[in-house]
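Structure file model_24.pdb (PDB, C-alpha atoms, pLDDT in the B column) follows.
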```pdb
ATOM      1  CA  MET F 265     -16.826 130.650 139.455  1.00 43.00           C
ATOM      2  CA  THR F 266     -13.773 128.436 139.361  1.00 42.00           C
ATOM      3  CA  GLN F 267     -11.851 127.847 136.187  1.00 44.00           C
ATOM      4  CA  GLN F 268     -12.502 124.521 134.536  1.00 43.00           C
ATOM      5  CA  PRO F 269      -9.386 122.653 133.388  1.00 41.00           C
ATOM      6  CA  ALA F 270      -8.807 122.767 129.654  1.00 44.00           C
ATOM      7  CA  LEU F 271      -9.920 119.663 127.825  1.00 38.00           C
ATOM      8  CA  PRO F 272      -7.422 118.052 125.490  1.00 39.00           C
ATOM      9  CA  ASP F 273      -8.126 118.639 121.815  1.00 44.00           C
ATOM     10  CA  ARG F 274      -8.981 115.719 119.608  1.00 39.00           C
ATOM     11  CA  PRO F 275      -6.335 114.766 117.093  1.00 40.00           C
ATOM     12  CA  ASP F 276      -6.138 116.818 113.923  1.00 41.00           C
ATOM     13  CA  ASP F 277      -7.331 115.460 110.589  1.00 40.00           C
ATOM     14  CA  SER F 278      -4.698 114.007 108.297  1.00 41.00           C
ATOM     15  CA  ASP F 279      -4.484 117.247 106.285  1.00 41.00           C
ATOM     16  CA  GLY F 280      -3.454 119.199 109.361  1.00 40.00           C
ATOM     17  CA  THR F 281      -6.729 121.050 109.882  1.00 40.00           C
ATOM     18  CA  GLU F 282      -8.858 120.609 112.966  1.00 40.00           C
ATOM     19  CA  SER F 283     -11.915 118.489 112.406  1.00 40.00           C
ATOM     20  CA  ALA F 284     -15.354 119.964 113.019  1.00 43.00           C
ATOM     21  CA  ARG F 285     -15.696 117.511 115.893  1.00 44.00           C
ATOM     22  CA  SER F 286     -12.776 118.995 117.804  1.00 42.00           C
ATOM     23  CA  VAL F 287     -14.149 122.530 117.775  1.00 48.00           C
ATOM     24  CA  ARG F 288     -16.230 122.404 120.940  1.00 58.00           C
ATOM     25  CA  HIS F 289     -16.992 124.855 123.675  1.00 59.00           C
ATOM     26  CA  SER F 290     -16.138 123.748 127.175  1.00 64.00           C
ATOM     27  CA  PRO F 291     -19.319 122.882 129.017  1.00 63.00           C
ATOM     28  CA  PRO F 292     -20.196 125.161 131.912  1.00 49.00           C
ATOM     29  CA  GLU F 293     -19.732 123.935 135.440  1.00 52.00           C
ATOM     30  CA  PRO F 294     -22.799 121.886 136.323  1.00 59.00           C
ATOM     31  CA  ALA F 295     -23.065 123.615 139.691  1.00 61.00           C
ATOM     32  CA  ASP F 296     -23.718 127.010 138.072  1.00 86.00           C
ATOM     33  CA  PRO F 297     -27.294 127.076 136.718  1.00 88.00           C
ATOM     34  CA  TYR F 298     -26.810 130.587 135.277  1.00 89.00           C
ATOM     35  CA  ASP F 299     -23.919 129.556 133.052  1.00 89.00           C
ATOM     36  CA  LEU F 300     -25.681 126.320 132.119  1.00 89.00           C
ATOM     37  CA  GLY F 301     -28.880 128.236 131.343  1.00 90.00           C
ATOM     38  CA  GLY F 302     -26.986 130.562 129.005  1.00 90.00           C
ATOM     39  CA  ALA F 303     -25.186 127.697 127.283  1.00 90.00           C
ATOM     40  CA  LEU F 304     -28.440 125.763 126.796  1.00 91.00           C
ATOM     41  CA  TYR F 305     -30.197 128.850 125.486  1.00 92.00           C
ATOM     42  CA  ASP F 306     -27.457 129.389 122.916  1.00 93.00           C
ATOM     43  CA  ALA F 307     -27.243 125.730 121.889  1.00 93.00           C
ATOM     44  CA  ILE F 308     -30.981 125.110 121.657  1.00 92.00           C
ATOM     45  CA  GLY F 309     -31.413 128.382 119.774  1.00 90.00           C
ATOM     46  CA  LEU F 310     -28.769 127.320 117.239  1.00 91.00           C
ATOM     47  CA  VAL F 311     -30.418 123.930 116.687  1.00 90.00           C
ATOM     48  CA  ALA F 312     -33.856 125.554 116.296  1.00 84.00           C
ATOM     49  CA  ARG F 313     -32.533 128.170 113.845  1.00 84.00           C
ATOM     50  CA  ARG F 314     -30.757 125.545 111.747  1.00 85.00           C
ATOM     51  CA  LEU F 315     -33.837 123.347 111.588  1.00 79.00           C
ATOM     52  CA  ARG F 316     -36.027 126.346 110.807  1.00 73.00           C
ATOM     53  CA  HIS F 317     -33.745 127.553 108.011  1.00 73.00           C
ATOM     54  CA  SER F 318     -33.664 124.129 106.382  1.00 73.00           C
ATOM     55  CA  ARG F 319     -37.426 124.310 105.902  1.00 61.00           C
ATOM     56  CA  VAL F 320     -38.834 122.944 102.674  1.00 60.00           C
ATOM     57  CA  PRO F 321     -41.618 124.911 100.933  1.00 58.00           C
ATOM     58  CA  GLY F 322     -45.024 123.552 101.888  1.00 64.00           C
ATOM     59  CA  GLU F 323     -43.849 122.297 105.272  1.00 75.00           C
ATOM     60  CA  LEU F 324     -45.422 123.340 108.513  1.00 82.00           C
ATOM     61  CA  SER F 325     -44.228 126.538 110.125  1.00 82.00           C
ATOM     62  CA  LEU F 326     -42.929 126.324 113.685  1.00 80.00           C
ATOM     63  CA  PRO F 327     -46.178 127.725 115.195  1.00 87.00           C
ATOM     64  CA  GLU F 328     -48.236 125.305 113.087  1.00 90.00           C
ATOM     65  CA  ARG F 329     -46.136 122.344 114.150  1.00 88.00           C
ATOM     66  CA  SER F 330     -46.289 123.433 117.789  1.00 89.00           C
ATOM     67  CA  ALA F 331     -50.083 123.695 117.692  1.00 94.00           C
ATOM     68  CA  LEU F 332     -50.459 120.306 115.994  1.00 95.00           C
ATOM     69  CA  SER F 333     -48.005 118.704 118.427  1.00 92.00           C
ATOM     70  CA  ARG F 334     -49.890 120.101 121.395  1.00 94.00           C
ATOM     71  CA  LEU F 335     -53.218 118.832 120.029  1.00 96.00           C
ATOM     72  CA  ALA F 336     -51.656 115.418 119.358  1.00 95.00           C
ATOM     73  CA  GLY F 337     -50.219 115.210 122.862  1.00 92.00           C
ATOM     74  CA  ALA F 338     -52.848 116.896 125.016  1.00 93.00           C
ATOM     75  CA  GLY F 339     -55.964 116.377 122.923  1.00 94.00           C
ATOM     76  CA  PRO F 340     -58.572 118.851 121.677  1.00 95.00           C
ATOM     77  CA  ALA F 341     -58.459 122.408 123.035  1.00 95.00           C
ATOM     78  CA  SER F 342     -59.857 125.838 122.360  1.00 94.00           C
ATOM     79  CA  ALA F 343     -57.752 128.307 120.378  1.00 94.00           C
ATOM     80  CA  ALA F 344     -57.410 130.394 123.555  1.00 93.00           C
ATOM     81  CA  GLU F 345     -56.053 127.374 125.460  1.00 94.00           C
ATOM     82  CA  LEU F 346     -53.586 126.695 122.647  1.00 95.00           C
ATOM     83  CA  ALA F 347     -52.501 130.337 122.694  1.00 95.00           C
ATOM     84  CA  ARG F 348     -51.861 130.253 126.449  1.00 94.00           C
ATOM     85  CA  ALA F 349     -49.988 126.960 126.223  1.00 91.00           C
ATOM     86  CA  GLU F 350     -47.810 128.216 123.347  1.00 90.00           C
ATOM     87  CA  GLN F 351     -47.374 131.641 124.937  1.00 91.00           C
ATOM     88  CA  VAL F 352     -48.696 133.585 121.952  1.00 93.00           C
ATOM     89  CA  THR F 353     -51.595 135.982 121.552  1.00 94.00           C
ATOM     90  CA  ALA F 354     -55.069 134.639 120.871  1.00 92.00           C
ATOM     91  CA  GLN F 355     -55.015 136.540 117.571  1.00 94.00           C
ATOM     92  CA  ALA F 356     -51.757 134.859 116.489  1.00 94.00           C
ATOM     93  CA  MET F 357     -53.105 131.422 117.417  1.00 95.00           C
ATOM     94  CA  GLY F 358     -56.336 132.198 115.586  1.00 94.00           C
ATOM     95  CA  THR F 359     -54.311 132.833 112.431  1.00 95.00           C
ATOM     96  CA  VAL F 360     -52.421 129.559 112.917  1.00 96.00           C
ATOM     97  CA  VAL F 361     -55.609 127.570 113.530  1.00 96.00           C
ATOM     98  CA  ASN F 362     -57.306 129.169 110.491  1.00 96.00           C
ATOM     99  CA  GLY F 363     -54.393 128.129 108.287  1.00 94.00           C
ATOM    100  CA  LEU F 364     -54.375 124.603 109.676  1.00 96.00           C
ATOM    101  CA  GLU F 365     -58.132 124.307 109.213  1.00 96.00           C
ATOM    102  CA  THR F 366     -57.912 125.536 105.611  1.00 95.00           C
ATOM    103  CA  ARG F 367     -55.363 122.797 104.901  1.00 95.00           C
ATOM    104  CA  GLY F 368     -57.543 120.168 106.578  1.00 96.00           C
ATOM    105  CA  PHE F 369     -55.165 119.488 109.477  1.00 97.00           C
ATOM    106  CA  VAL F 370     -57.573 120.529 112.261  1.00 97.00           C
ATOM    107  CA  GLU F 371     -61.298 120.874 112.646  1.00 97.00           C
ATOM    108  CA  ARG F 372     -63.418 123.054 114.881  1.00 96.00           C
ATOM    109  CA  ARG F 373     -66.503 121.822 116.675  1.00 94.00           C
ATOM    110  CA  PRO F 374     -68.717 123.180 119.426  1.00 93.00           C
ATOM    111  CA  ASP F 375     -67.677 122.053 122.894  1.00 89.00           C
ATOM    112  CA  PRO F 376     -70.154 119.314 123.894  1.00 88.00           C
ATOM    113  CA  HIS F 377     -70.139 120.658 127.481  1.00 87.00           C
ATOM    114  CA  ASP F 378     -70.369 124.373 126.633  1.00 87.00           C
ATOM    115  CA  GLY F 379     -71.933 125.286 123.291  1.00 81.00           C
ATOM    116  CA  ARG F 380     -70.413 128.787 123.442  1.00 87.00           C
ATOM    117  CA  ARG F 381     -66.871 127.391 123.147  1.00 91.00           C
ATOM    118  CA  ILE F 382     -65.265 126.034 120.011  1.00 94.00           C
ATOM    119  CA  ILE F 383     -62.853 123.138 120.355  1.00 96.00           C
ATOM    120  CA  VAL F 384     -60.031 122.511 117.885  1.00 97.00           C
ATOM    121  CA  SER F 385     -59.009 118.918 117.245  1.00 96.00           C
ATOM    122  CA  LEU F 386     -56.485 117.167 115.048  1.00 96.00           C
ATOM    123  CA  THR F 387     -57.734 115.441 111.880  1.00 97.00           C
ATOM    124  CA  GLU F 388     -56.260 112.297 110.324  1.00 96.00           C
ATOM    125  CA  ALA F 389     -54.557 114.542 107.756  1.00 96.00           C
ATOM    126  CA  GLY F 390     -53.078 116.594 110.616  1.00 95.00           C
ATOM    127  CA  GLU F 391     -51.804 113.457 112.337  1.00 94.00           C
ATOM    128  CA  GLY F 392     -50.249 112.318 109.060  1.00 93.00           C
ATOM    129  CA  VAL F 393     -48.477 115.583 108.298  1.00 91.00           C
ATOM    130  CA  LEU F 394     -47.187 115.793 111.861  1.00 88.00           C
ATOM    131  CA  ARG F 395     -45.898 112.210 111.691  1.00 89.00           C
ATOM    132  CA  ARG F 396     -44.161 112.852 108.336  1.00 88.00           C
ATOM    133  CA  LYS F 397     -42.599 116.074 109.673  1.00 84.00           C
ATOM    134  CA  ARG F 398     -41.263 114.286 112.762  1.00 84.00           C
ATOM    135  CA  GLU F 399     -39.903 111.444 110.640  1.00 88.00           C
ATOM    136  CA  ALA F 400     -38.171 113.847 108.218  1.00 85.00           C
ATOM    137  CA  ARG F 401     -36.603 115.891 111.027  1.00 84.00           C
ATOM    138  CA  GLY F 402     -35.675 112.694 112.833  1.00 88.00           C
ATOM    139  CA  ARG F 403     -33.859 111.451 109.723  1.00 90.00           C
ATOM    140  CA  GLN F 404     -32.113 114.801 109.347  1.00 89.00           C
ATOM    141  CA  LEU F 405     -30.903 114.717 112.948  1.00 92.00           C
ATOM    142  CA  ALA F 406     -30.003 111.009 112.756  1.00 95.00           C
ATOM    143  CA  THR F 407     -27.790 111.657 109.747  1.00 94.00           C
ATOM    144  CA  VAL F 408     -25.819 114.334 111.597  1.00 95.00           C
ATOM    145  CA  LEU F 409     -25.650 112.248 114.770  1.00 96.00           C
ATOM    146  CA  THR F 410     -24.356 109.242 112.827  1.00 96.00           C
ATOM    147  CA  GLU F 411     -21.788 111.192 110.829  1.00 97.00           C
ATOM    148  CA  ARG F 412     -20.514 113.667 113.431  1.00 96.00           C
ATOM    149  CA  PHE F 413     -20.837 112.173 116.923  1.00 96.00           C
ATOM    150  CA  THR F 414     -19.014 109.430 118.791  1.00 96.00           C
ATOM    151  CA  PRO F 415     -20.860 106.607 120.573  1.00 96.00           C
ATOM    152  CA  ALA F 416     -20.042 108.238 123.925  1.00 95.00           C
ATOM    153  CA  GLU F 417     -21.463 111.565 122.726  1.00 96.00           C
ATOM    154  CA  LEU F 418     -24.596 109.782 121.506  1.00 96.00           C
ATOM    155  CA  GLN F 419     -25.051 108.244 124.969  1.00 96.00           C
ATOM    156  CA  THR F 420     -24.699 111.690 126.560  1.00 95.00           C
ATOM    157  CA  LEU F 421     -27.303 113.152 124.192  1.00 95.00           C
ATOM    158  CA  ALA F 422     -29.642 110.208 124.836  1.00 95.00           C
ATOM    159  CA  ALA F 423     -29.404 110.874 128.572  1.00 95.00           C
ATOM    160  CA  ALA F 424     -29.965 114.610 128.049  1.00 94.00           C
ATOM    161  CA  ALA F 425     -33.023 114.344 125.753  1.00 94.00           C
ATOM    162  CA  PRO F 426     -35.620 113.644 128.491  1.00 94.00           C
ATOM    163  CA  LEU F 427     -34.080 116.358 130.646  1.00 94.00           C
ATOM    164  CA  LEU F 428     -34.345 118.890 127.817  1.00 93.00           C
ATOM    165  CA  GLU F 429     -37.969 117.909 127.287  1.00 91.00           C
ATOM    166  CA  ARG F 430     -38.685 118.384 130.993  1.00 92.00           C
ATOM    167  CA  LEU F 431     -36.917 121.758 130.865  1.00 93.00           C
ATOM    168  CA  GLY F 432     -39.113 122.841 127.949  1.00 88.00           C
ATOM    169  CA  GLU F 433     -42.285 121.681 129.688  1.00 86.00           C
ATOM    170  CA  ASN F 434     -41.416 123.748 132.759  1.00 90.00           C
ATOM    171  CA  LEU F 435     -40.650 127.043 131.018  1.00 86.00           C
TER
END
```

Before we go any further, please render this structure as structure tokens.
Amino acid sequence: MTQQPALPDRPDDSDGTESARSVRHSPPEPADPYDLGGALYDAIGLVARRLRHSRVPGELSLPERSALSRLAGAGPASAAELARAEQVTAQAMGTVVNGLETRGFVERRPDPHDGRRIIVSLTEAGEGVLRRKREARGRQLATVLTERFTPAELQTLAAAAPLLERLGENL
């Protein structure tokens, strides 16, 4: 791997300390997918941990939100299908679905094509809680983006968002 030239630092704050915006890691060379993969893993993990730790009591857990999001996007599914899609055990997904059903966010019904299967679908309450969660997290991220990122950085993140989604869908 070739050495990347050092990027110039941003100017210091007026008090002589470096601003939080100037403390950045150099991006890996785009031609090296291994370095990029490691950098993305670290960065996405940090964002996920920070969002997870800022959880408010009564909010959805990450597995609950993932299950609701999948049902909202892909439509009704069996608990086993949800488990496969989320890469968790059927038992773990069963626990998640039970909790969501108890709170009125999903409902179970027999599959109209195969009475032996049970299909889980999103309720209006589930759609509402998912929408409110997305809006709250969106506001949280928007605040940080507005306060801590330049317009050029915002454009870069806007271009990267669909690529990150595609990356996640292909894992």

Any chance you could work out the residue set of the PyMOL selection byres ((chain F and resi 397-399) around 12) here, as an mmCIF file with C-alpha atoms, in the frame of the given file?
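Here's the written file out.cif:
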```
data_model
loop_
_atom_site.group_PDB
_atom_site.id
_atom_site.type_symbol
_atom_site.label_atom_id
_atom_site.label_comp_id
_atom_site.auth_asym_id
_atom_site.auth_seq_id
_atom_site.Cartn_x
_atom_site.Cartn_y
_atom_site.Cartn_z
ATOM 1 C CA LEU F 315 -33.837 123.347 111.588
ATOM 2 C CA ARG F 319 -37.426 124.310 105.902
ATOM 3 C CA VAL F 320 -38.834 122.944 102.674
ATOM 4 C CA GLY F 322 -45.024 123.552 101.888
ATOM 5 C CA GLU F 323 -43.849 122.297 105.272
ATOM 6 C CA LEU F 324 -45.422 123.340 108.513
ATOM 7 C CA SER F 325 -44.228 126.538 110.125
ATOM 8 C CA LEU F 326 -42.929 126.324 113.685
ATOM 9 C CA GLU F 328 -48.236 125.305 113.087
ATOM 10 C CA ARG F 329 -46.136 122.344 114.150
ATOM 11 C CA SER F 330 -46.289 123.433 117.789
ATOM 12 C CA LEU F 332 -50.459 120.306 115.994
ATOM 13 C CA SER F 333 -48.005 118.704 118.427
ATOM 14 C CA GLY F 390 -53.078 116.594 110.616
ATOM 15 C CA GLU F 391 -51.804 113.457 112.337
ATOM 16 C CA GLY F 392 -50.249 112.318 109.060
ATOM 17 C CA VAL F 393 -48.477 115.583 108.298
ATOM 18 C CA LEU F 394 -47.187 115.793 111.861
ATOM 19 C CA ARG F 395 -45.898 112.210 111.691
ATOM 20 C CA ARG F 396 -44.161 112.852 108.336
ATOM 21 C CA ALA F 400 -38.171 113.847 108.218
ATOM 22 C CA ARG F 401 -36.603 115.891 111.027
ATOM 23 C CA GLY F 402 -35.675 112.694 112.833
ATOM 24 C CA ARG F 403 -33.859 111.451 109.723
ATOM 25 C CA GLN F 404 -32.113 114.801 109.347
ATOM 26 C CA LEU F 405 -30.903 114.717 112.948
ATOM 27 C CA ALA F 406 -30.003 111.009 112.756
#
```

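Of the listed residues F:Ala343, F:Val360, F:Ala425, F:Ala338, the one whose atoms come nearest to F:Arg372 is F:Ala343, with distances taken using all atoms listed in the file.
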
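Straight-line separation from atom CA of F:Gly358 to atom CA of F:Leu428: 28.5 Å.
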
- Query: When you draw a straight line from atom CA of F:Gly302 to atom CA of F:Arg348, how long is it in Å?
  - Reply: 25.0 Å

Put a box with edges along x, y and z around all the listed atoms of stretch 334-345 of chain F, pad it by 8 Å on each side, then give me its centre and sizes in Å, one decimal, as JSON.
```
{"center_x": -54.9, "center_y": 122.8, "center_z": 122.4, "size_x": 26.0, "size_y": 31.2, "size_z": 22.1}
```

- Message: I'd like the neighbourhood of F:Ala341 as a PyMOL selection string, where a residue qualifies if any of its atoms comes within 8 Å (using only C-alpha atoms), though same-chain residues fewer than 4 positions away should be ignored.
- Response: chain F and resi 335+345-346+383-385

- Kindly resolve the PyMOL selection byres ((chain F and resi 307-310) around 12) on the present coordinates and return the residues as an NGL selection string. :F and (288-289 or 291 or 300-306 or 311-317 or 425 or 428-429 or 431-432)

May I have the residues from that selection written out with C-alpha atoms, as a CSV table (one decimal), keeping the file's coordinate frame?
```csv
chain,number,residue,atom,x,y,z
F,288,ARG,CA,-16.2,122.4,120.9
F,289,HIS,CA,-17.0,124.9,123.7
F,291,PRO,CA,-19.3,122.9,129.0
F,300,LEU,CA,-25.7,126.3,132.1
F,301,GLY,CA,-28.9,128.2,131.3
F,302,GLY,CA,-27.0,130.6,129.0
F,303,ALA,CA,-25.2,127.7,127.3
F,304,LEU,CA,-28.4,125.8,126.8
F,305,TYR,CA,-30.2,128.8,125.5
F,306,ASP,CA,-27.5,129.4,122.9
F,311,VAL,CA,-30.4,123.9,116.7
F,312,ALA,CA,-33.9,125.6,116.3
F,313,ARG,CA,-32.5,128.2,113.8
F,314,ARG,CA,-30.8,125.5,111.7
F,315,LEU,CA,-33.8,123.3,111.6
F,316,ARG,CA,-36.0,126.3,110.8
F,317,HIS,CA,-33.7,127.6,108.0
F,425,ALA,CA,-33.0,114.3,125.8
F,428,LEU,CA,-34.3,118.9,127.8
F,429,GLU,CA,-38.0,117.9,127.3
F,431,LEU,CA,-36.9,121.8,130.9
F,432,GLY,CA,-39.1,122.8,127.9
```

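Between atom CA of F:Val370 and atom CA of F:Ser318 the separation is 24.9 Å.
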
- Could you tell me which of F:Leu409, F:Ala389, F:Ala331, F:Val352 comes closest to F:Arg367 if we count all atoms listed in the file?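 So, comparing all the options, the nearest one is F:Ala389.
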